[in-house]
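Engineer: Pasting structure06.cif below, which is mmCIF, C-alpha atoms.
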```
data_target
#
loop_
_atom_site.group_PDB
_atom_site.id
_atom_site.type_symbol
_atom_site.label_atom_id
_atom_site.label_comp_id
_atom_site.auth_asym_id
_atom_site.auth_seq_id
_atom_site.Cartn_x
_atom_site.Cartn_y
_atom_site.Cartn_z
ATOM 1 C CA MET O 907 -8.947 46.282 -98.468
ATOM 2 C CA LYS O 908 -11.990 48.453 -97.848
ATOM 3 C CA ARG O 909 -14.196 45.524 -98.773
ATOM 4 C CA PHE O 910 -12.563 43.297 -96.177
ATOM 5 C CA PHE O 911 -13.017 45.904 -93.435
ATOM 6 C CA LEU O 912 -16.607 46.541 -94.473
ATOM 7 C CA GLY O 913 -17.300 42.806 -94.425
ATOM 8 C CA PHE O 914 -15.760 42.449 -90.960
ATOM 9 C CA ALA O 915 -17.973 45.276 -89.674
ATOM 10 C CA VAL O 916 -21.114 43.790 -91.229
ATOM 11 C CA VAL O 917 -20.379 40.375 -89.682
ATOM 12 C CA SER O 918 -20.020 42.044 -86.256
ATOM 13 C CA LEU O 919 -23.295 43.926 -86.749
ATOM 14 C CA LEU O 920 -25.131 40.724 -87.681
ATOM 15 C CA ILE O 921 -23.723 38.824 -84.705
ATOM 16 C CA ALA O 922 -24.609 41.569 -82.211
ATOM 17 C CA GLY O 923 -27.862 42.562 -83.872
ATOM 18 C CA VAL O 924 -29.345 39.214 -84.893
ATOM 19 C CA LEU O 925 -27.434 36.196 -83.566
ATOM 20 C CA SER O 926 -27.610 37.706 -80.067
ATOM 21 C CA TYR O 927 -31.287 36.675 -79.889
ATOM 22 C CA PHE O 928 -30.209 33.044 -79.990
ATOM 23 C CA ALA O 929 -27.646 33.267 -77.187
ATOM 24 C CA SER O 930 -28.000 31.052 -74.122
ATOM 25 C CA GLY O 931 -29.634 32.769 -71.171
ATOM 26 C CA ASP O 932 -27.954 30.461 -68.662
ATOM 27 C CA PRO O 933 -25.284 31.881 -66.326
ATOM 28 C CA ASP O 934 -21.738 31.696 -67.665
ATOM 29 C CA GLY O 935 -18.912 29.771 -66.009
ATOM 30 C CA LEU O 936 -17.962 32.612 -63.682
ATOM 31 C CA ASP O 937 -21.547 33.418 -62.767
ATOM 32 C CA LYS O 938 -22.353 29.739 -62.179
ATOM 33 C CA THR O 939 -19.304 29.405 -59.927
ATOM 34 C CA VAL O 940 -20.233 32.372 -57.747
ATOM 35 C CA GLU O 941 -23.878 31.210 -57.606
ATOM 36 C CA ASP O 942 -23.072 27.606 -56.690
ATOM 37 C CA THR O 943 -20.594 28.606 -53.982
ATOM 38 C CA GLY O 944 -22.727 31.390 -52.502
ATOM 39 C CA ILE O 945 -20.146 34.047 -53.313
ATOM 40 C CA ALA O 946 -22.889 35.719 -55.396
ATOM 41 C CA GLU O 947 -24.613 36.793 -52.153
ATOM 42 C CA HIS O 948 -21.884 39.411 -51.825
ATOM 43 C CA ALA O 949 -22.390 40.774 -55.324
ATOM 44 C CA GLN O 950 -23.557 44.365 -55.347
ATOM 45 C CA GLU O 951 -26.037 45.702 -57.813
ATOM 46 C CA HIS O 952 -24.367 47.500 -60.683
ATOM 47 C CA PRO O 953 -24.401 51.284 -60.203
ATOM 48 C CA PHE O 954 -25.823 51.606 -63.713
ATOM 49 C CA ALA O 955 -28.280 48.705 -63.387
ATOM 50 C CA GLY O 956 -31.146 51.099 -64.063
ATOM 51 C CA SER O 957 -29.578 52.715 -67.098
ATOM 52 C CA ALA O 958 -31.268 52.563 -70.510
ATOM 53 C CA PHE O 959 -29.214 49.775 -72.047
ATOM 54 C CA ALA O 960 -28.398 47.739 -68.903
ATOM 55 C CA ASP O 961 -28.109 43.994 -69.581
ATOM 56 C CA TYR O 962 -28.085 44.529 -73.361
ATOM 57 C CA ALA O 963 -31.742 45.514 -73.456
ATOM 58 C CA LEU O 964 -33.723 48.719 -73.732
ATOM 59 C CA GLY O 965 -35.312 49.697 -70.422
ATOM 60 C CA GLY O 966 -35.118 46.040 -69.359
ATOM 61 C CA ASP O 967 -36.997 44.861 -72.456
ATOM 62 C CA ASP O 968 -35.147 41.910 -73.998
ATOM 63 C CA ARG O 969 -36.879 42.363 -77.327
ATOM 64 C CA PHE O 970 -34.396 45.163 -77.967
ATOM 65 C CA THR O 971 -31.264 43.086 -77.387
ATOM 66 C CA GLY O 972 -30.377 43.374 -81.071
ATOM 67 C CA LEU O 973 -30.693 47.141 -80.935
ATOM 68 C CA ALA O 974 -28.459 47.262 -77.852
ATOM 69 C CA GLY O 975 -25.991 45.037 -79.691
ATOM 70 C CA VAL O 976 -25.910 47.337 -82.707
ATOM 71 C CA LEU O 977 -25.420 50.342 -80.443
ATOM 72 C CA GLY O 978 -22.545 48.545 -78.710
ATOM 73 C CA VAL O 979 -20.926 47.713 -82.041
ATOM 74 C CA VAL O 980 -21.132 51.359 -83.121
ATOM 75 C CA VAL O 981 -19.750 52.643 -79.802
ATOM 76 C CA VAL O 982 -16.891 50.098 -79.613
ATOM 77 C CA LEU O 983 -15.994 50.698 -83.266
ATOM 78 C CA GLY O 984 -15.990 54.464 -82.807
ATOM 79 C CA LEU O 985 -13.951 54.417 -79.601
ATOM 80 C CA SER O 986 -11.431 51.815 -80.700
ATOM 81 C CA PHE O 987 -10.985 53.157 -84.217
ATOM 82 C CA GLY O 988 -10.492 56.656 -82.797
ATOM 83 C CA LEU O 989 -7.966 55.501 -80.205
ATOM 84 C CA PHE O 990 -5.965 53.312 -82.573
ATOM 85 C CA TRP O 991 -5.983 55.942 -85.316
ATOM 86 C CA LEU O 992 -4.585 58.510 -82.886
ATOM 87 C CA LEU O 993 -1.959 56.068 -81.588
ATOM 88 C CA ARG O 994 -0.740 54.895 -85.001
ATOM 89 C CA LYS O 995 2.630 55.745 -86.498
ATOM 90 C CA LYS O 996 2.072 58.133 -89.344
ATOM 91 C CA THR O 997 4.593 56.645 -91.742
ATOM 92 C CA LYS O 998 3.553 54.086 -94.295
ATOM 93 C CA ALA O 999 0.129 53.478 -95.734
ATOM 94 C CA MET Y 193 -33.470 35.742 -71.138
ATOM 95 C CA SER Y 194 -31.347 37.876 -73.357
ATOM 96 C CA ALA Y 195 -27.766 37.562 -74.420
ATOM 97 C CA ILE Y 196 -25.764 38.563 -71.401
ATOM 98 C CA ALA Y 197 -22.010 38.340 -71.219
ATOM 99 C CA MET Y 198 -21.440 38.265 -67.493
ATOM 100 C CA HIS Y 199 -18.283 39.625 -66.001
ATOM 101 C CA MET Y 200 -17.340 40.014 -62.331
ATOM 102 C CA SER Y 201 -19.739 42.160 -60.324
ATOM 103 C CA ASP Y 202 -18.716 44.582 -57.610
ATOM 104 C CA GLY Y 203 -18.537 43.130 -54.092
ATOM 105 C CA LEU Y 204 -17.083 39.694 -54.840
ATOM 106 C CA LEU Y 205 -13.694 40.878 -53.571
ATOM 107 C CA ASN Y 206 -12.890 43.162 -50.660
ATOM 108 C CA ALA Y 207 -12.125 46.821 -51.298
ATOM 109 C CA PRO Y 208 -8.307 46.720 -50.920
ATOM 110 C CA THR Y 209 -8.035 43.814 -53.381
ATOM 111 C CA SER Y 210 -10.331 45.552 -55.872
ATOM 112 C CA VAL Y 211 -8.259 48.742 -55.619
ATOM 113 C CA ALA Y 212 -5.003 46.821 -55.963
ATOM 114 C CA PHE Y 213 -6.196 45.245 -59.199
ATOM 115 C CA LEU Y 214 -7.469 48.582 -60.492
ATOM 116 C CA VAL Y 215 -3.856 49.725 -60.126
ATOM 117 C CA VAL Y 216 -2.524 46.554 -61.787
ATOM 118 C CA ALA Y 217 -4.939 47.026 -64.687
ATOM 119 C CA ALA Y 218 -4.104 50.725 -65.039
ATOM 120 C CA VAL Y 219 -0.372 50.028 -65.156
ATOM 121 C CA GLY Y 220 -0.847 47.169 -67.624
ATOM 122 C CA VAL Y 221 -3.074 49.216 -69.920
ATOM 123 C CA GLY Y 222 -0.640 52.139 -69.648
ATOM 124 C CA VAL Y 223 2.243 49.956 -70.796
ATOM 125 C CA ALA Y 224 0.076 48.555 -73.607
ATOM 126 C CA LEU Y 225 -0.787 52.104 -74.742
ATOM 127 C CA VAL Y 226 2.915 52.908 -75.088
ATOM 128 C CA LYS Y 227 3.931 49.619 -76.703
ATOM 129 C CA ALA Y 228 0.929 49.427 -79.058
ATOM 130 C CA ARG Y 229 2.161 52.358 -81.139
ATOM 131 C CA ALA Y 230 4.848 50.257 -82.803
ATOM 132 C CA ASP Y 231 2.188 47.842 -84.098
ATOM 133 C CA LEU Y 232 -0.254 50.473 -85.368
ATOM 134 C CA ASP Y 233 -0.124 52.075 -88.799
ATOM 135 C CA ASP Y 234 -2.656 53.228 -91.393
ATOM 136 C CA ARG Y 235 -3.426 49.611 -92.254
ATOM 137 C CA THR Y 236 -3.445 47.921 -88.854
ATOM 138 C CA ALA Y 237 -5.270 50.675 -86.920
ATOM 139 C CA PRO Y 238 -8.617 50.086 -88.704
ATOM 140 C CA MET Y 239 -8.065 46.326 -88.323
ATOM 141 C CA ALA Y 240 -7.570 46.769 -84.569
ATOM 142 C CA GLY Y 241 -10.809 48.743 -84.321
ATOM 143 C CA LEU Y 242 -12.651 45.972 -86.123
ATOM 144 C CA VAL Y 243 -11.098 43.278 -83.919
ATOM 145 C CA ALA Y 244 -12.355 45.093 -80.795
ATOM 146 C CA THR Y 245 -15.779 45.438 -82.395
ATOM 147 C CA PHE Y 246 -15.899 41.770 -83.369
ATOM 148 C CA ILE Y 247 -14.940 40.682 -79.835
ATOM 149 C CA PHE Y 248 -17.723 42.847 -78.398
ATOM 150 C CA ALA Y 249 -20.250 41.269 -80.766
ATOM 151 C CA VAL Y 250 -19.146 37.685 -80.175
ATOM 152 C CA GLN Y 251 -19.021 38.143 -76.384
ATOM 153 C CA MET Y 252 -22.796 38.692 -76.543
ATOM 154 C CA ILE Y 253 -23.260 35.144 -77.756
ATOM 155 C CA ASN Y 254 -23.382 32.866 -74.735
ATOM 156 C CA PHE Y 255 -23.137 29.242 -75.859
ATOM 157 C CA PRO Y 256 -24.301 26.291 -73.720
ATOM 158 C CA ILE Y 257 -21.573 24.204 -72.060
ATOM 159 C CA LEU Y 258 -23.598 22.133 -69.561
ATOM 160 C CA PRO Y 259 -27.283 22.017 -68.589
ATOM 161 C CA GLY Y 260 -27.803 25.349 -66.830
ATOM 162 C CA ALA Y 261 -24.428 26.814 -67.661
ATOM 163 C CA SER Y 262 -23.028 28.754 -70.584
ATOM 164 C CA GLY Y 263 -19.861 30.460 -71.708
ATOM 165 C CA HIS Y 264 -18.807 33.229 -74.011
ATOM 166 C CA LEU Y 265 -15.693 34.329 -75.840
ATOM 167 C CA LEU Y 266 -13.121 36.263 -73.815
ATOM 168 C CA GLY Y 267 -11.080 37.174 -76.882
ATOM 169 C CA GLY Y 268 -7.504 37.552 -75.645
ATOM 170 C CA ALA Y 269 -5.862 35.003 -77.949
ATOM 171 C CA LEU Y 270 -8.007 36.080 -80.895
ATOM 172 C CA ALA Y 271 -6.922 39.689 -80.473
ATOM 173 C CA ALA Y 272 -3.261 38.845 -79.824
ATOM 174 C CA ILE Y 273 -2.968 36.629 -82.911
ATOM 175 C CA LEU Y 274 -4.638 39.172 -85.192
ATOM 176 C CA VAL Y 275 -3.236 42.484 -83.925
ATOM 177 C CA GLY Y 276 -0.466 41.625 -81.451
ATOM 178 C CA PRO Y 277 -0.456 41.471 -77.650
ATOM 179 C CA TRP Y 278 -0.325 45.207 -76.857
ATOM 180 C CA VAL Y 279 -3.004 46.328 -79.285
ATOM 181 C CA GLY Y 280 -4.923 43.163 -78.417
ATOM 182 C CA ALA Y 281 -4.950 44.008 -74.709
ATOM 183 C CA LEU Y 282 -6.322 47.449 -75.590
ATOM 184 C CA CYS Y 283 -9.038 45.890 -77.783
ATOM 185 C CA VAL Y 284 -10.309 43.700 -74.949
ATOM 186 C CA THR Y 285 -10.034 46.601 -72.472
ATOM 187 C CA ILE Y 286 -12.196 48.870 -74.654
ATOM 188 C CA VAL Y 287 -14.822 46.119 -74.864
ATOM 189 C CA LEU Y 288 -14.851 45.659 -71.075
ATOM 190 C CA VAL Y 289 -15.095 49.404 -70.419
ATOM 191 C CA VAL Y 290 -18.022 49.840 -72.814
ATOM 192 C CA GLN Y 291 -19.756 46.785 -71.329
ATOM 193 C CA ALA Y 292 -19.365 48.108 -67.783
ATOM 194 C CA LEU Y 293 -20.393 51.708 -68.535
ATOM 195 C CA LEU Y 294 -23.076 51.273 -71.198
ATOM 196 C CA PHE Y 295 -24.528 47.834 -70.487
ATOM 197 C CA ALA Y 296 -23.982 47.475 -66.710
ATOM 198 C CA ASP Y 297 -22.077 44.245 -67.413
ATOM 199 C CA GLY Y 298 -19.121 43.906 -65.050
ATOM 200 C CA GLY Y 299 -18.818 46.076 -61.951
ATOM 201 C CA LEU Y 300 -16.969 49.383 -61.795
ATOM 202 C CA THR Y 301 -14.666 48.523 -58.882
ATOM 203 C CA ALA Y 302 -14.407 45.056 -60.469
ATOM 204 C CA LEU Y 303 -13.188 46.591 -63.733
ATOM 205 C CA GLY Y 304 -9.602 46.207 -62.505
ATOM 206 C CA THR Y 305 -9.946 42.455 -62.055
ATOM 207 C CA ASN Y 306 -11.943 41.997 -65.260
ATOM 208 C CA VAL Y 307 -9.332 43.904 -67.269
ATOM 209 C CA THR Y 308 -6.477 42.068 -65.517
ATOM 210 C CA ASN Y 309 -7.983 38.636 -66.193
ATOM 211 C CA MET Y 310 -9.340 38.973 -69.707
ATOM 212 C CA ALA Y 311 -7.386 41.834 -71.299
ATOM 213 C CA LEU Y 312 -3.964 41.374 -69.666
ATOM 214 C CA ILE Y 313 -3.634 37.730 -68.558
ATOM 215 C CA GLY Y 314 -5.799 36.283 -71.339
ATOM 216 C CA THR Y 315 -4.087 38.229 -74.097
ATOM 217 C CA ALA Y 316 -0.571 37.612 -72.752
ATOM 218 C CA ALA Y 317 -1.210 33.897 -72.296
ATOM 219 C CA GLY Y 318 -2.775 33.533 -75.722
ATOM 220 C CA PHE Y 319 0.082 35.385 -77.383
ATOM 221 C CA ALA Y 320 2.770 33.449 -75.519
ATOM 222 C CA VAL Y 321 1.327 30.125 -76.644
ATOM 223 C CA ALA Y 322 0.793 31.369 -80.202
ATOM 224 C CA VAL Y 323 4.390 32.590 -80.495
ATOM 225 C CA ALA Y 324 5.726 29.339 -79.034
ATOM 226 C CA LEU Y 325 3.820 27.457 -81.744
ATOM 227 C CA ARG Y 326 4.473 29.945 -84.565
ATOM 228 C CA GLY Y 327 6.329 27.357 -86.631
ATOM 229 C CA LEU Y 328 3.191 25.243 -86.778
ATOM 230 C CA ALA Y 329 1.026 28.299 -87.561
ATOM 231 C CA ASN Y 330 3.137 28.976 -90.656
ATOM 232 C CA ARG Y 331 2.573 25.500 -92.016
ATOM 233 C CA GLY Y 332 -0.824 26.289 -93.493
ATOM 234 C CA LYS Y 333 -4.450 26.561 -92.542
ATOM 235 C CA GLY Y 334 -4.596 23.426 -90.396
ATOM 236 C CA GLY Y 335 -1.535 24.426 -88.406
ATOM 237 C CA LEU Y 336 -2.853 27.936 -87.860
ATOM 238 C CA ALA Y 337 -6.208 26.544 -86.713
ATOM 239 C CA VAL Y 338 -4.525 24.265 -84.166
ATOM 240 C CA VAL Y 339 -2.351 27.111 -82.851
ATOM 241 C CA ALA Y 340 -5.369 29.426 -82.546
ATOM 242 C CA PHE Y 341 -7.389 26.726 -80.767
ATOM 243 C CA VAL Y 342 -4.678 25.880 -78.221
ATOM 244 C CA SER Y 343 -3.819 29.556 -77.587
ATOM 245 C CA ALA Y 344 -7.468 30.349 -76.941
ATOM 246 C CA LEU Y 345 -7.978 27.350 -74.651
ATOM 247 C CA VAL Y 346 -4.968 28.393 -72.562
ATOM 248 C CA ASN Y 347 -6.082 32.041 -72.540
ATOM 249 C CA THR Y 348 -9.481 31.000 -71.156
ATOM 250 C CA LEU Y 349 -8.019 28.754 -68.448
ATOM 251 C CA LEU Y 350 -5.474 31.354 -67.318
ATOM 252 C CA ALA Y 351 -8.035 34.166 -67.249
ATOM 253 C CA ALA Y 352 -10.207 31.917 -65.051
ATOM 254 C CA THR Y 353 -7.165 31.211 -62.882
ATOM 255 C CA GLY Y 354 -6.829 34.979 -62.479
ATOM 256 C CA PHE Y 355 -10.197 35.056 -60.743
ATOM 257 C CA VAL Y 356 -9.220 32.132 -58.504
ATOM 258 C CA VAL Y 357 -6.035 33.926 -57.436
ATOM 259 C CA GLU Y 358 -7.900 37.180 -56.819
ATOM 260 C CA TYR Y 359 -10.498 35.333 -54.746
ATOM 261 C CA ALA Y 360 -7.709 33.688 -52.747
ATOM 262 C CA ILE Y 361 -6.206 37.123 -52.060
ATOM 263 C CA GLY Y 362 -9.318 38.992 -51.065
ATOM 264 C CA GLY Y 363 -12.541 37.133 -51.792
ATOM 265 C CA GLN Y 364 -15.741 37.663 -49.833
ATOM 266 C CA GLY Y 365 -17.681 34.781 -48.288
ATOM 267 C CA GLY Y 366 -14.832 32.552 -47.163
ATOM 268 C CA VAL Y 367 -15.480 29.799 -49.680
ATOM 269 C CA GLU Y 368 -12.719 27.220 -49.777
ATOM 270 C CA ILE Y 369 -10.355 28.111 -52.601
ATOM 271 C CA GLY Y 370 -10.117 24.526 -53.847
ATOM 272 C CA GLN Y 371 -13.836 24.507 -54.536
ATOM 273 C CA VAL Y 372 -13.662 27.842 -56.369
ATOM 274 C CA ALA Y 373 -10.724 26.583 -58.424
ATOM 275 C CA LEU Y 374 -12.408 23.299 -59.298
ATOM 276 C CA LEU Y 375 -15.605 24.961 -60.505
ATOM 277 C CA MET Y 376 -13.886 27.819 -62.340
ATOM 278 C CA LEU Y 377 -11.361 25.622 -64.133
ATOM 279 C CA GLY Y 378 -13.903 22.882 -64.842
ATOM 280 C CA PHE Y 379 -16.352 25.278 -66.468
ATOM 281 C CA HIS Y 380 -13.620 27.172 -68.279
ATOM 282 C CA ALA Y 381 -12.060 24.026 -69.715
ATOM 283 C CA LEU Y 382 -15.378 23.593 -71.545
ATOM 284 C CA ILE Y 383 -15.681 27.301 -72.359
ATOM 285 C CA GLY Y 384 -12.104 27.176 -73.605
ATOM 286 C CA VAL Y 385 -13.102 24.593 -76.221
ATOM 287 C CA GLY Y 386 -15.732 27.032 -77.504
ATOM 288 C CA GLU Y 387 -13.241 29.883 -77.331
ATOM 289 C CA GLY Y 388 -10.781 27.725 -79.252
ATOM 290 C CA LEU Y 389 -13.260 26.885 -82.004
ATOM 291 C CA ILE Y 390 -14.368 30.524 -82.426
ATOM 292 C CA THR Y 391 -10.769 31.755 -82.420
ATOM 293 C CA ALA Y 392 -9.619 29.120 -84.915
ATOM 294 C CA ALA Y 393 -12.535 29.845 -87.265
ATOM 295 C CA THR Y 394 -11.985 33.609 -87.077
ATOM 296 C CA VAL Y 395 -8.210 33.586 -87.465
ATOM 297 C CA THR Y 396 -8.229 31.117 -90.382
ATOM 298 C CA SER Y 397 -10.965 33.143 -92.115
ATOM 299 C CA VAL Y 398 -8.938 36.345 -91.850
ATOM 300 C CA ALA Y 399 -5.770 34.523 -92.924
ATOM 301 C CA ALA Y 400 -7.535 33.111 -95.975
ATOM 302 C CA ILE Y 401 -8.536 36.584 -97.202
ATOM 303 C CA ARG Y 402 -5.870 38.893 -95.778
ATOM 304 C CA PRO Y 403 -2.882 36.964 -94.357
ATOM 305 C CA ASP Y 404 -0.992 40.276 -94.170
ATOM 306 C CA LEU Y 405 -3.418 41.378 -91.434
ATOM 307 C CA VAL Y 406 -2.594 38.449 -89.147
ATOM 308 C CA HIS Y 407 0.014 39.770 -86.703
ATOM 309 C CA LEU Y 408 1.298 36.317 -85.773
ATOM 310 C CA LEU Y 409 2.190 35.533 -89.392
ATOM 311 C CA LYS Y 410 3.911 38.846 -90.042
ATOM 312 C CA GLY Y 411 7.450 38.679 -91.368
ATOM 313 C CA THR Y 412 7.511 34.917 -91.281
ATOM 314 C CA ARG Y 413 5.806 34.009 -94.539
ATOM 315 C CA SER Y 414 7.862 33.354 -97.620
ATOM 316 C CA PRO Y 415 7.502 35.950 -100.399
ATOM 317 C CA LEU Y 416 5.736 33.336 -102.492
ATOM 318 C CA GLU Y 417 2.985 32.918 -99.935
ATOM 319 C CA VAL Y 418 2.558 36.643 -99.516
ATOM 320 C CA ARG Y 419 2.047 37.052 -103.255
ATOM 321 C CA SER Y 420 -0.619 34.365 -103.502
#
```
Using structure tokens, write down the structure from this file.
Structural biologist:
Amino acid sequence: MKRFFLGFAVVSLLIAGVLSYFASGDPDGLDKTVEDTGIAEHAQEHPFAGSAFADYALGGDDRFTGLAGVLGVVVVLGLSFGLFWLLRKKTKA
Amino acid sequence: MSAIAMHMSDGLLNAPTSVAFLVVAAVGVGVALVKARADLDDRTAPMAGLVATFIFAVQMINFPILPGASGHLLGGALAAILVGPWVGALCVTIVLVVQALLFADGGLTALGTNVTNMALIGTAAGFAVAVALRGLANRGKGGLAVVAFVSALVNTLLAATGFVVEYAIGGQGGVEIGQVALLMLGFHALIGVGEGLITAATVTSVAAIRPDLVHLLKGTRSPLEVRS
């Protein structure tokens, strides 16, 4: 059981940390829709656009996308594991 | 360009609509928090954490759908099939919150619509389809793959429809709704194929190793299959 969970975590780390460099940089379906229709003109800059890890980079430097991905994996795992562990029924193992 | 999973920015909808969907999302997540408890125990809680983590990772991977356009996993059906609809909605919500706060991906006032579309509508739609087809899912790997694919395709299309409805209610720019719908659903039909393939591959992989951790298959497998 522990091996399965460890494997699942490692796969997520590799996807976010390595495979992320090969992702398409083109706008996604939603972004393309709002660009093509002009709705995007109303988009406001994100309040945290200047933050350290904005846009899955480090200080705007895309070379650190993998690092941002690994950080995200660690943060999501910590938050979600903590929440679900607190919410669980404490009956059977 | 880096891997960027793009969610709705602030400003695409007017303020009252954004606030209304923040309320919708808060109520939905609140209900999910209460209902999720029944599906979480010492075994499924770590699994749920890993499902959220996996969705975050895979959402970073934009795949090409047309020249100049890409798509990425939304994750609702994947989460619902593996950990159930309530826990699944919470998984996707956690991902969206971290993306908005840490990576400036998805606006803050737009968090209500992003959560409503991907965490609530996407997960509910994916689960509804998966449950309707549960008989097929129990018939082996091929059946489960088909169910996962179709659930994920529907989850993607309905999440995209969520945006169309929200734009119709309070969108900025006065673009004709038919045009928004055509583009959104056209792109997301293609994205849904990718979502379907990723979901089918993930769910069948988990089922091959740990079928007991696939929520959709719980309590429906014969004892013989469980033992194998």
Engineer: Taking a cut-off of 6 Å and counting all atoms listed in the file, can you build a table that, for each residue of chain Y near chain O, reports the nearest atom pair and how far apart they are in Å (one decimal), sorted by chain then residue number, as CSV?
Structural biologist:
```
residue,atom,partner,partner_atom,distance
Y:Met193,CA,O:Gly931,CA,4.9
Y:Ser194,CA,O:Asp968,CA,5.6
Y:Ala195,CA,O:Ala929,CA,5.1
Y:Ser201,CA,O:Ala949,CA,5.8
Y:Asp202,CA,O:Gln950,CA,5.3
Y:Gly203,CA,O:Ala949,CA,4.7
Y:Leu204,CA,O:Ala949,CA,5.4
Y:Arg229,CA,O:Arg994,CA,5.5
Y:Leu232,CA,O:Arg994,CA,4.5
Y:Asp233,CA,O:Arg994,CA,4.8
Y:Asp234,CA,O:Ala999,CA,5.2
Y:Ala237,CA,O:Phe990,CA,5.1
Y:Pro238,CA,O:Phe987,CA,5.9
Y:Gly241,CA,O:Phe987,CA,4.4
Y:Thr245,CA,O:Leu983,CA,5.3
Y:Phe246,CA,O:Ser918,CA,5.0
Y:Ala249,CA,O:Ala922,CA,4.6
Y:Ile253,CA,O:Ala929,CA,4.8
Y:Asn254,CA,O:Ala929,CA,4.9
Y:Phe255,CA,O:Ser930,CA,5.5
Y:Gly260,CA,O:Asp932,CA,5.4
Y:Ala261,CA,O:Asp932,CA,5.2
Y:Ser262,CA,O:Asp934,CA,4.3
Y:Gly263,CA,O:Asp934,CA,4.6
Y:Phe295,CA,O:Ala960,CA,4.2
Y:Ala296,CA,O:Ala960,CA,4.9
Y:Gly299,CA,O:His952,CA,5.9
Y:Gly365,CA,O:Ile945,CA,5.6
Y:Leu375,CA,O:Thr939,CA,5.8
Y:Phe379,CA,O:Gly935,CA,5.2
```
Engineer: Would you compute the distance between CA of Ala212 in chain Y and CA of Thr308 in chain Y? Give it in Å to one decimal.
Structural biologist: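 Rounded to one decimal, the two atoms are 10.8 Å apart.
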Engineer: For CA of Val367 in chain Y and CA of Thr353 in chain Y, quote the distance in Å rounded to one decimal.
Structural biologist: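 If I compute the distance from CA of Val367 in chain Y to CA of Thr353 in chain Y, I get 15.7 Å.
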Engineer: Specify as a ChimeraX atom specification each residue included when the PyMOL selection byres ((chain Y and resi 388) around 12) is applied to this file.
Structural biologist: /Y:264-270,318,336-349,380-387,389-396
Engineer: I'd like the interatomic distance between CA of Ile286 in chain Y and CA of Ala244 in chain Y, to a tenth of an Å.
Structural biologist: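 Distance reported for this atom pair: 7.2 Å.
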Engineer: Would you fill out range 294-305 of chain Y with N, CA and C atoms and return it as a PDB file, in the coordinates of the input?
Structural biologist:
```pdb
ATOM      1  N   LEU Y 294     -21.865  51.117 -70.381  1.00  0.00           N
ATOM      2  CA  LEU Y 294     -23.076  51.273 -71.198  1.00  0.00           C
ATOM      3  C   LEU Y 294     -24.096  50.174 -70.925  1.00  0.00           C
ATOM      4  N   PHE Y 295     -23.612  48.965 -70.612  1.00  0.00           N
ATOM      5  CA  PHE Y 295     -24.528  47.834 -70.487  1.00  0.00           C
ATOM      6  C   PHE Y 295     -24.587  47.251 -69.072  1.00  0.00           C
ATOM      7  N   ALA Y 296     -23.971  47.923 -68.107  1.00  0.00           N
ATOM      8  CA  ALA Y 296     -23.982  47.475 -66.710  1.00  0.00           C
ATOM      9  C   ALA Y 296     -23.535  46.025 -66.578  1.00  0.00           C
ATOM     10  N   ASP Y 297     -22.607  45.614 -67.430  1.00  0.00           N
ATOM     11  CA  ASP Y 297     -22.077  44.245 -67.413  1.00  0.00           C
ATOM     12  C   ASP Y 297     -20.641  44.299 -66.905  1.00  0.00           C
ATOM     13  N   GLY Y 298     -20.435  43.800 -65.692  1.00  0.00           N
ATOM     14  CA  GLY Y 298     -19.121  43.906 -65.050  1.00  0.00           C
ATOM     15  C   GLY Y 298     -19.084  45.144 -64.184  1.00  0.00           C
ATOM     16  N   GLY Y 299     -18.781  44.962 -62.891  1.00  0.00           N
ATOM     17  CA  GLY Y 299     -18.818  46.076 -61.951  1.00  0.00           C
ATOM     18  C   GLY Y 299     -17.764  47.138 -62.236  1.00  0.00           C
ATOM     19  N   LEU Y 300     -17.929  48.287 -61.587  1.00  0.00           N
ATOM     20  CA  LEU Y 300     -16.969  49.383 -61.795  1.00  0.00           C
ATOM     21  C   LEU Y 300     -15.710  49.172 -60.963  1.00  0.00           C
ATOM     22  N   THR Y 301     -15.866  48.818 -59.676  1.00  0.00           N
ATOM     23  CA  THR Y 301     -14.666  48.523 -58.882  1.00  0.00           C
ATOM     24  C   THR Y 301     -14.067  47.181 -59.318  1.00  0.00           C
ATOM     25  N   ALA Y 302     -14.892  46.350 -59.971  1.00  0.00           N
ATOM     26  CA  ALA Y 302     -14.407  45.056 -60.469  1.00  0.00           C
ATOM     27  C   ALA Y 302     -13.755  45.193 -61.835  1.00  0.00           C
ATOM     28  N   LEU Y 303     -13.763  46.400 -62.397  1.00  0.00           N
ATOM     29  CA  LEU Y 303     -13.188  46.591 -63.733  1.00  0.00           C
ATOM     30  C   LEU Y 303     -11.698  46.245 -63.724  1.00  0.00           C
ATOM     31  N   GLY Y 304     -11.024  46.524 -62.602  1.00  0.00           N
ATOM     32  CA  GLY Y 304      -9.602  46.207 -62.505  1.00  0.00           C
ATOM     33  C   GLY Y 304      -9.343  44.717 -62.654  1.00  0.00           C
ATOM     34  N   THR Y 305     -10.147  43.904 -61.970  1.00  0.00           N
ATOM     35  CA  THR Y 305      -9.946  42.455 -62.055  1.00  0.00           C
ATOM     36  C   THR Y 305     -10.390  41.928 -63.419  1.00  0.00           C
TER      37      THR Y 305
END
```
